[in-house]
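Undergrad: My questions will all concern the structure given below.
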Amino acid sequence: MTADFLVIGAGIAGLSFALRAARHGSVIVVTKGDAYESNTAWAQGGIASVLPDDQRDAGDTAENHVADTLDAGAGLCKEAAVRTIIGEGAAAIRDLTDYGVSFDRADHHFLLGKEGGHSHRRILHAKDTTGREVARALIETARKTPNLTLLEHHFVIDLITSEKLGAVAEDRVLGAYVLKTKTGEVRVFRADRVVLAAGGCGKVYLYTTNPDSATGDGVALGWRAGASIANMEFIQFHPTCWYNPAATGPEARSFLVSEAVRGEGGILINAKGEDFTQKIDPRGSLAPRDIVARAIDRELKRTGAACVYLDVTHKPKGFMKERFPYIYGNLLKFGLDCETQPIPVVPAAHYQCGGVLTDVNGKTTIRGLFAVGEAGCTGLHGANRLASNSLLEGNVLARRALDEMMRLYPPGRNELNPPEIPEWEYGDTAEPDELVVIYHNWDEIRRLMWDYVSIVRTDNRLRRAAARLKNLKKEVREFYWGHRVNPDILELRNLVSTASLIVECALRRKESRGLHYTLDHPETLVSYRTDTVIRRF
Ligand code: SIN
């Protein structure tokens with residue numbers, strides 16, 4: 001298979017890129033599962049943007065949005081990237097509505113929501129399933145776009161680079177080895193322009209708001225290819241994941257209760273009905289997520305309770321059903337009427353603020369390789385992402401990455417004398433017969449990351465995690481080389497690499513900042529006001 005552009009991932013970033021790129025050349029988008037299995041499709045809250053005058057909250061400006069983003073980012077945002085991305089917000093919304101995304105409106109005006117850390121209402125949404133609506137419009141458009149092939153159930157094993165093939169000239173990307181999961185066949189996909197848009201890594205943790213597909217594939221692929229990785233210590237924990245004490249089996253799995261619920265007046269309380277967040281921050285339940293998640297963690301440890309509660313019982317009857325039908329309906333399915341009973345909630349891993357290091361155009365340290373969306377790290381989020389800034393970044397970066405590629409490597413000017421790429425060698429590797437090893441290791445990683453590397457950290461816990469992950473990496477490597485590849489092995493391999501990168505970054509940051517909080521170094525230090533960058537070579 002050969003294409004001008006190869007896109008890995010079918011969330012907002014990957015598809016926004018692919019739809020534009022198809023105007024300039026052939027595009028293949030690969031995604032390891034169904035196209036709807038992405039963090040994008042699971043996003044509830046919305047997309048933050050300050051629109052032209054008649055469409056914005058009174059008194060809001062792009063400057064306010066920049067200030068809120070910088071404040072949440074705890075001194076680590078790259079201000080130029082923040083200004084650029086937020087400055088292109090209105091264009092992103094236009095792009096998405098052109099593809100058919102239908103945001104909630106009244107009288108031709110967008111209805112705007114509010115979330116933690118935002119000083120104004122500026123979140124465009126489609127009820128409480130905004131991501132699903134964005135994914136629907138982009139996937140439907142992609143399926144009818146000439147020049148664009150969307151291949152589901154295609155799992156990228158590894159990127160192919162000139163360095164890996166032993167070429168001495170500047171390292172550049174040449175394509176990828178891709179497993180067709182339904183047949184087990186591995187093929188070479190050849191492309192001089194490759195976009196990593198494979199999302200985040202919530203499944204590294206025991207409890208997460210993310211779909212099962214969020215196994216850190218983008219970061220792991222970039223890392224193995226030799227790209228620099230940055231700021232992986234900043235994993236965002238969403239404060240309000242529904243706590244289901246009877247969680248047994250996939251039917252009963254927990255799900256996100258959008259921050260937009262707090263934006264509409266929901267209040268976090270403990271079992272005694274006390275609003276404990278007020279003691280921590282004057283913004284209370286609507287403080288930025290790092291602050292609220294830590295306040296909950298502290299409250300749980302203080303009281304020994306299993307959960308806190310999100311109270312919306314003071315809202316008018318019918319409000320939740322109308323504004324948040326997905327959340328309302330889901331809770332009701334499990335016997336909880338949130339209009340009359342507080343919702344039990346706990347924090348859960350939600351968003352990866354670091355990723356493959358890029359500039360504000362998504363360009364990585366490898367020629368021809370770009371990373372966009374959650375897989376990349378532009379400097380927009382700094383040490384803590386402002387809610388609903390990520391769908392915005394996904395679309396803006398996709399458009400900027402394409403412009404940059406067209407400038408640097410326009411199709412038609414493909415690399416001269418590309419090296420021969422060898423076919424995948426299946427060797428005489430056996431079918432995996434000890435699947436229990438995969439599941440055991442998977443559970444162990446997620447449990448140890450939750451226990452040692454979550455909301456509150458210490459040097460000791462991080463060192464323990466690093467030591468255990470080193471052994472797990474060795475086991476996974478042996479398993480990978482000794483068996484025929486399958487999606488479970490590939491996900492485990494990516495999971496263990498990503499977990500190790502999180503721990504390595506966390507160990508390097510001897511301070512507390514944003515989402516990285518450690519009891520051993522509780523201060524924020526000027527000397528650490530810098531990215532944690534891990535270079536492979
Ligand atoms: C939410 O709806 O609370 C999630 C929004 C986000 O993570 O940006």
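Residue numbering restarts at 1 in every chain; chains get A, B, ... in the order shown in the structure tokens, and ligands count up from 1 in that same order.
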Around ligand 1, at most 6 Å away and counting only C-alpha atoms and all ligand atoms, which residues are there? Put them as a list in words, please.
TA: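 Result of the 6 Å neighbour search around ligand 1: Ala43, Gln44, Gly45, Ser258, Glu259, Ala260, Ala387 and Ser388 of chain A.
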Undergrad: Can you tell me, as a list of chain:residue names, what residues are no more than 6 Å from segment 485-494 of chain A when counting only C-alpha atoms, ignoring any on the same chain fewer than 2 positions away?
TA: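 In the requested format, the answer is A:Gly216, A:Asp217, A:Ala220, A:Val496, A:Ser497.
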Undergrad: Deliver the residues from the most recent selection as a file, using all heavy atoms, as a short mmCIF file (atom, residue, chain, number, x, y, z; two decimals), in the first residue's frame.
TA:
data_model
loop_
_atom_site.label_atom_id
_atom_site.label_comp_id
_atom_site.auth_asym_id
_atom_site.auth_seq_id
_atom_site.Cartn_x
_atom_site.Cartn_y
_atom_site.Cartn_z
N GLY A 216 -2.09 4.39 24.67
CA GLY A 216 -0.82 5.11 24.48
C GLY A 216 -0.11 4.75 23.18
O GLY A 216 1.11 4.90 23.07
N ASP A 217 -0.87 4.33 22.17
CA ASP A 217 -0.24 3.86 20.93
C ASP A 217 0.58 4.96 20.24
O ASP A 217 1.66 4.70 19.72
CB ASP A 217 -1.30 3.34 19.94
CG ASP A 217 -2.13 2.21 20.53
OD1 ASP A 217 -1.67 1.58 21.50
OD2 ASP A 217 -3.23 1.97 20.02
N ALA A 220 3.86 5.63 22.13
CA ALA A 220 4.75 4.47 22.03
C ALA A 220 5.33 4.33 20.61
O ALA A 220 6.53 4.06 20.45
CB ALA A 220 4.00 3.20 22.43
N VAL A 496 3.03 -0.67 28.27
CA VAL A 496 4.18 -0.71 29.18
C VAL A 496 5.19 0.38 28.82
O VAL A 496 5.79 1.01 29.70
CB VAL A 496 4.81 -2.13 29.23
CG1 VAL A 496 5.62 -2.46 28.02
CG2 VAL A 496 5.66 -2.30 30.49
N SER A 497 5.34 0.68 27.53
CA SER A 497 6.26 1.78 27.14
C SER A 497 5.73 3.11 27.65
O SER A 497 6.48 3.93 28.17
CB SER A 497 6.36 1.90 25.61
OG SER A 497 6.87 0.75 25.07
#
Undergrad: Please return, as a list in words, all residues of segment 102-251 of chain A that DSSP assigns to helix (DSSP H, G or I) on the basis of the backbone.
TA: Thr130, Gly131, Arg132, Glu133, Val134, Ala135, Arg136, Ala137, Leu138, Ile139, Glu140, Thr141, Ala142, Arg143, Gly202, Lys203, Val204, Asp217, Gly218, Val219, Ala220, Leu221, Gly222, Trp223, Arg224, Ala225, Pro250 and Glu251 of chain A
Undergrad: Tell me, counting only C-alpha atoms, for each residue of segment 4-76 of chain A within 10 Å of segment 96-104 of chain A, which pair of atoms is nearest and how far apart they are in Å to one decimal, in rows ordered by chain and increasing number, as CSV.
TA:
residue,atom,partner,partner_atom,distance
A:Ile12,CA,A:Leu96,CA,9.4
A:Ser16,CA,A:Leu96,CA,8.4
A:Leu19,CA,A:Tyr99,CA,9.4
A:Gly46,CA,A:Phe103,CA,9.0
A:Ile47,CA,A:Phe103,CA,9.7
Undergrad: Here is a test: counting only C-alpha atoms, which residue of A:His125, A:Arg294, A:Lys78, A:Arg283 is nearest to Arg529 of chain A?
TA: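 Smallest separation from Arg529 of chain A among the options: A:Lys78.
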Undergrad: Would you list the contacts of Cys338 of chain A as an MDAnalysis selection string, taking every protein, DNA or RNA residue within 7 Å and counting only C-alpha atoms, but skipping same-chain residues closer than 6 positions in sequence?
TA: chainID A and resid 312:313 328
Undergrad: Using only C-alpha atoms, which of A:Trp450, A:Ser26, A:Gly200, A:Leu300 sits nearest Asp212 of chain A?
TA: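 Checking each of A:Trp450, A:Ser26, A:Gly200, A:Leu300 against Asp212 of chain A, counting only C-alpha atoms, the winner is A:Gly200.
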Undergrad: Which residues are close to Gly335 of chain A, i.e. within 12 Å by only C-alpha atoms, leaving aside same-chain residues fewer than 5 positions away? Reply as a CSV table (one decimal) with N, CA and C atoms, in the first residue's frame.
TA:
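Saved as out.csv:
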chain,number,residue,atom,x,y,z
A,244,ASN,N,-19.6,3.4,40.8
A,244,ASN,CA,-20.6,2.3,40.8
A,244,ASN,C,-20.1,1.2,41.7
A,246,ALA,N,-21.4,-1.4,42.5
A,246,ALA,CA,-21.7,-2.8,42.0
A,246,ALA,C,-21.1,-3.1,40.7
A,252,ALA,N,-21.7,-2.7,33.5
A,252,ALA,CA,-21.8,-1.8,34.7
A,252,ALA,C,-20.6,-0.9,34.8
A,328,TYR,N,-28.0,11.5,32.3
A,328,TYR,CA,-29.3,11.3,33.0
A,328,TYR,C,-29.8,9.8,32.8
A,329,GLY,N,-29.9,9.5,31.5
A,329,GLY,CA,-30.4,8.2,31.1
A,329,GLY,C,-29.6,7.0,31.5
A,330,ASN,N,-28.2,7.2,31.5
A,330,ASN,CA,-27.3,6.2,31.9
A,330,ASN,C,-27.4,5.9,33.4
A,340,THR,N,-33.1,13.6,41.9
A,340,THR,CA,-33.6,13.5,43.3
A,340,THR,C,-32.5,13.0,44.2
A,341,GLN,N,-31.4,12.4,43.6
A,341,GLN,CA,-30.3,11.8,44.5
A,341,GLN,C,-29.0,12.3,44.0
A,343,ILE,N,-25.1,12.2,42.9
A,343,ILE,CA,-24.4,11.2,42.1
A,343,ILE,C,-23.1,10.8,42.7
Undergrad: Report as CSV: every residue of segment 419-473 of chain A with an atom at most 7 Å from segment 509-521 of chain A, its closest pair of atoms, and their distance in Å to one decimal, counting only C-alpha atoms, with rows sorted by chain and ascending residue number.
TA:
residue,atom,partner,partner_atom,distance
A:Ile455,CA,A:Tyr517,CA,6.8
A:Val456,CA,A:Tyr517,CA,5.4
A:Arg457,CA,A:Thr518,CA,4.4
A:Thr458,CA,A:Thr518,CA,5.1
A:Asp459,CA,A:Asp520,CA,6.6
Undergrad: Write the selection just made, keeping N, CA and C atoms, as a compact mmCIF listing (two decimals), in the first residue's frame?
TA:
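Okay, part.txt is ready:
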# COMPACT_ATOMS: atom_id res chain seq x y z
N ILE A 455 -2.80 10.54 41.48
CA ILE A 455 -3.01 11.96 41.81
C ILE A 455 -1.96 12.50 42.78
N VAL A 456 -1.59 11.69 43.77
CA VAL A 456 -0.56 12.11 44.72
C VAL A 456 0.60 11.11 44.64
N ARG A 457 1.81 11.61 44.45
CA ARG A 457 2.97 10.75 44.21
C ARG A 457 4.03 10.96 45.30
N THR A 458 4.95 10.03 45.39
CA THR A 458 6.16 10.23 46.21
C THR A 458 7.32 9.62 45.43
N ASP A 459 8.54 10.01 45.80
CA ASP A 459 9.73 9.46 45.13
C ASP A 459 9.76 7.94 45.27
Undergrad: Excluding segment 6-8 of chain A and residues on its chain fewer than 4 positions from it, collect all residues at most 6 Å away from it, counting only C-alpha atoms, and give them as JSON, numbers by chain.
TA: {"A": [27, 28, 29, 30, 191, 194, 195, 196, 197, 198]}
Undergrad: Let's see if you can do this: from backbone DSSP, list all strand (DSSP E or B) residues in segment 254-335 of chain A, as a list in words.
TA: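 Going through segment 254-335 of chain A, the strand (DSSP E or B) residues come out as Leu256, Ile267, Leu268, Ile269, Val308, Tyr309, Leu310 and Asp311 of chain A.
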Undergrad: Which residue, A:Arg20, A:Arg193, A:Arg302, A:Arg385, has the smallest gap to Val82 of chain A when you use only C-alpha atoms?
TA: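 Of A:Arg20, A:Arg193, A:Arg302, A:Arg385, the one nearest Val82 of chain A, counting only C-alpha atoms, is A:Arg385.
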